[in-house]
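I have placed the structure first, in the form of structure tokens, so that the comments after it can refer back to it.
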Amino acid sequence: LINTRESVDNFIAYLCAGVFVFGFTQAVVQAGSQSITSNMGLIRALHFPRACLPIAIALVEVRNMIASMVVLVAIALITGEPLTPEWLLVVPVLLLQSVFNAGLAMFVSRLTAKVHDVRQLLPYVLRIWMYGSAILYPVTFFAQRIDGWLLAVVHANPLLVYIELARHALMEDVVLASSPG
């Protein structure tokens, strides 16, 4: 509908990188939102730091993301991306995103424990966040259609940074929203 295929050379790898990186955060947020409320019996029975629950969720999703990265690397190679030393930059990107996701899981788990209806709202918030994270289209799509403070809000999206860095590490000729330096 919006002709994103023509604006990106290797659209399949571009799309998969965005979907996998966003899916990592989405899975952590959704599972983290239930980490405290679904373990109330354990929380009442034992005294332990409650932060262990969302952090454990984040660690489980890190393990799942490692498996997903194997698939993403295969997709990138099959679609014609050359194997370069820049691919090693994916490791620090995922480590930083894992720390971000753990903090997000702790925030959402605490919020959901206090306001139970947040869990029902999360899928809609995550869907809006996905569309604002330039997964299905390049970041230049925003720059061509909006400006001013709205564009600043798009560029302030923390997940956009992780998605762009992963794409930049795995793919050649990817236009970044801002320079990495």
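If you're wondering about the labels, chains in the structure tokens are A, B, ... by order shown, residues count from 1 in each chain, ligands from 1 in order shown.
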As JSON, numbers by chain, list the residues of chain A assigned to alpha helix (DSSP H) by DSSP on the backbone atoms of this structure.
{"A": [11, 12, 13, 14, 15, 16, 17, 18, 19, 20, 21, 22, 23, 24, 25, 26, 27, 28, 29, 30, 31, 32, 33, 40, 41, 42, 43, 44, 45, 52, 53, 54, 55, 56, 57, 58, 59, 60, 61, 62, 63, 64, 65, 66, 67, 68, 69, 70, 71, 72, 73, 74, 75, 76, 77, 78, 90, 91, 92, 93, 94, 95, 96, 97, 98, 99, 100, 101, 102, 103, 104, 105, 106, 107, 108, 109, 110, 111, 112, 113, 114, 118, 119, 120, 121, 122, 123, 124, 125, 126, 127, 128, 129, 130, 131, 140, 141, 142, 143, 144, 145, 149, 150, 151, 152, 153, 154, 155, 158, 159, 160, 161, 162, 163, 164, 165, 166, 167, 168, 169, 170]}
Can you pull out every residue within 10 Å of Gly132 (chain A), counting only C-alpha atoms, but drop anything in the same chain fewer than 3 positions away, and send it as an mmCIF file with C-alpha atoms, in the first residue's frame?
data_model
loop_
_atom_site.group_PDB
_atom_site.id
_atom_site.type_symbol
_atom_site.label_atom_id
_atom_site.label_comp_id
_atom_site.auth_asym_id
_atom_site.auth_seq_id
_atom_site.Cartn_x
_atom_site.Cartn_y
_atom_site.Cartn_z
ATOM 1 C CA LEU A 126 2.448 -2.151 21.594
ATOM 2 C CA ARG A 127 0.731 -2.059 18.200
ATOM 3 C CA ILE A 128 0.927 1.738 18.083
ATOM 4 C CA TRP A 129 4.558 1.534 19.196
ATOM 5 C CA ILE A 135 9.433 -1.664 11.119
ATOM 6 C CA LEU A 136 7.307 -1.929 7.997
ATOM 7 C CA TYR A 137 8.841 1.096 6.267
ATOM 8 C CA VAL A 139 12.560 5.919 8.866
ATOM 9 C CA PHE A 142 8.446 9.867 8.634
ATOM 10 C CA VAL A 153 9.021 12.391 19.022
ATOM 11 C CA VAL A 154 9.551 9.705 16.368
ATOM 12 C CA HIS A 155 13.319 10.062 16.616
ATOM 13 C CA ASN A 157 11.625 6.377 20.237
ATOM 14 C CA LEU A 159 13.224 1.075 20.196
ATOM 15 C CA LEU A 160 13.929 2.807 16.889
#
Give me the residues near Gln30 (chain A) as a PyMOL selection string, where near means some atom within 8 Å (using only C-alpha atoms) and where sequence neighbours in that chain fewer than 4 positions away do not count.
chain A and resi 26+34+119+122-123
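Considering the residues A:Val8, A:Ile36, A:Ile163, A:Leu104 and counting only C-alpha atoms, Ala134 (chain A) has its shortest atom-to-atom contact with A:Ile163.
Near Leu165 (chain A), within a cut-off of 8 Å and counting only C-alpha atoms, sit the residues Val90, Val93, Val161 and Ala169 of chain A, with same-chain residues fewer than 4 positions away left out.
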Write the selection just made, keeping N, CA, C and O atoms, as a short mmCIF file (atom, residue, chain, number, x, y, z; two decimals), in the first residue's frame?
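The result, stored in again02.cif:
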data_model
loop_
_atom_site.label_atom_id
_atom_site.label_comp_id
_atom_site.auth_asym_id
_atom_site.auth_seq_id
_atom_site.Cartn_x
_atom_site.Cartn_y
_atom_site.Cartn_z
N VAL A 90 25.98 -6.73 16.38
CA VAL A 90 24.66 -7.17 16.83
C VAL A 90 24.71 -7.59 18.30
O VAL A 90 23.75 -7.38 19.04
N VAL A 93 24.41 -4.58 20.61
CA VAL A 93 23.07 -4.02 20.41
C VAL A 93 22.04 -4.83 21.20
O VAL A 93 21.21 -4.28 21.92
N VAL A 161 16.11 3.10 17.90
CA VAL A 161 17.57 3.04 17.95
C VAL A 161 18.06 1.60 17.83
O VAL A 161 18.95 1.30 17.03
N ALA A 169 23.98 -3.08 11.37
CA ALA A 169 25.00 -4.11 11.57
C ALA A 169 24.87 -5.25 10.57
O ALA A 169 25.87 -5.76 10.07
#
Go through A:Tyr124, A:Phe141, A:Phe11, A:Phe107 one by one, measure the shortest atom-to-atom distance of each to Pro54 (chain A) using only C-alpha atoms, and give the residue with the smallest value.
A:Phe107
Hey, what's within 10 Å of Arg50 (chain A) if we count only C-alpha atoms and toss same-chain stuff fewer than 5 positions away? As a list in words, please?
Ser35, Ile36, Asn39, Ile43, Ile55, Met106, Ser109 and Arg110 of chain A
As an exercise, work out the distance from CA of Gly18 (chain A) to CA of Asp147 (chain A) in Å and give it to one decimal place.
23.1 Å
Quick one: residues within 12 Å of Leu89 (chain A), only C-alpha atoms, excluding same-chain residues fewer than 6 positions away - as a PDB file with N, CA and C atoms, in the first residue's frame?
ATOM      1  N   LEU A  95      22.655  -6.810  23.755  1.00  0.00           N
ATOM      2  CA  LEU A  95      22.917  -6.670  25.188  1.00  0.00           C
ATOM      3  C   LEU A  95      22.285  -5.387  25.735  1.00  0.00           C
ATOM      4  N   LEU A  96      22.464  -4.300  25.018  1.00  0.00           N
ATOM      5  CA  LEU A  96      21.857  -3.038  25.449  1.00  0.00           C
ATOM      6  C   LEU A  96      20.330  -3.126  25.418  1.00  0.00           C
ATOM      7  N   TYR A 162      17.460   0.691  18.595  1.00  0.00           N
ATOM      8  CA  TYR A 162      17.891  -0.708  18.549  1.00  0.00           C
ATOM      9  C   TYR A 162      17.600  -1.340  17.188  1.00  0.00           C
ATOM     10  N   GLU A 164      17.339   0.223  14.274  1.00  0.00           N
ATOM     11  CA  GLU A 164      18.252   0.774  13.273  1.00  0.00           C
ATOM     12  C   GLU A 164      19.668   0.235  13.431  1.00  0.00           C
ATOM     13  N   LEU A 165      20.134   0.104  14.668  1.00  0.00           N
ATOM     14  CA  LEU A 165      21.482  -0.415  14.880  1.00  0.00           C
ATOM     15  C   LEU A 165      21.602  -1.871  14.430  1.00  0.00           C
ATOM     16  N   ALA A 166      20.584  -2.668  14.680  1.00  0.00           N
ATOM     17  CA  ALA A 166      20.611  -4.063  14.224  1.00  0.00           C
ATOM     18  C   ALA A 166      20.597  -4.123  12.699  1.00  0.00           C
ATOM     19  N   ARG A 167      19.777  -3.303  12.072  1.00  0.00           N
ATOM     20  CA  ARG A 167      19.737  -3.276  10.607  1.00  0.00           C
ATOM     21  C   ARG A 167      21.063  -2.797  10.039  1.00  0.00           C
ATOM     22  N   HIS A 168      21.632  -1.778  10.667  1.00  0.00           N
ATOM     23  CA  HIS A 168      22.906  -1.230  10.195  1.00  0.00           C
ATOM     24  C   HIS A 168      24.023  -2.269  10.316  1.00  0.00           C
ATOM     25  N   ALA A 169      23.978  -3.084  11.373  1.00  0.00           N
ATOM     26  CA  ALA A 169      25.005  -4.108  11.567  1.00  0.00           C
ATOM     27  C   ALA A 169      24.867  -5.246  10.567  1.00  0.00           C
ATOM     28  N   LEU A 170      23.640  -5.636  10.260  1.00  0.00           N
ATOM     29  CA  LEU A 170      23.412  -6.810   9.408  1.00  0.00           C
ATOM     30  C   LEU A 170      23.314  -6.503   7.919  1.00  0.00           C
ATOM     31  N   MET A 171      23.032  -5.262   7.575  1.00  0.00           N
ATOM     32  CA  MET A 171      22.750  -4.949   6.174  1.00  0.00           C
ATOM     33  C   MET A 171      23.642  -3.823   5.665  1.00  0.00           C
TER      34      MET A 171
END
Selection near Ala56 (chain A), 10 Å with only C-alpha atoms, sequence-local residues under 3 positions removed, as a ChimeraX atom specification:
/A:28,32,35,51-53,59-62,102,105
Serialized selection, C-alpha atoms, as a short mmCIF file (atom, residue, chain, number, x, y, z; two decimals), in the first residue's frame:
data_model
loop_
_atom_site.label_atom_id
_atom_site.label_comp_id
_atom_site.auth_asym_id
_atom_site.auth_seq_id
_atom_site.Cartn_x
_atom_site.Cartn_y
_atom_site.Cartn_z
CA VAL A 28 9.31 -9.12 27.24
CA GLY A 32 6.65 -9.07 32.12
CA SER A 35 5.12 -11.73 36.04
CA ALA A 51 12.37 -7.72 40.68
CA CYS A 52 13.60 -11.29 40.13
CA LEU A 53 10.35 -12.17 38.38
CA LEU A 59 16.35 -13.55 30.54
CA VAL A 60 14.06 -16.20 29.10
CA GLU A 61 13.28 -13.90 26.19
CA VAL A 62 17.02 -13.24 25.69
CA ALA A 102 14.56 -5.77 31.69
CA ALA A 105 9.57 -5.43 32.21
#
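Considering the residues A:Ala74, A:Ala156, A:Leu151, A:Val108 and counting only C-alpha atoms, Ala17 (chain A) has its shortest atom-to-atom contact with A:Ala74.
Among A:Pro158, A:Ala13, A:Ala143, A:Leu111, the residue with the shortest atom-to-atom distance to Ala76 (chain A), counting only C-alpha atoms, is A:Ala13.
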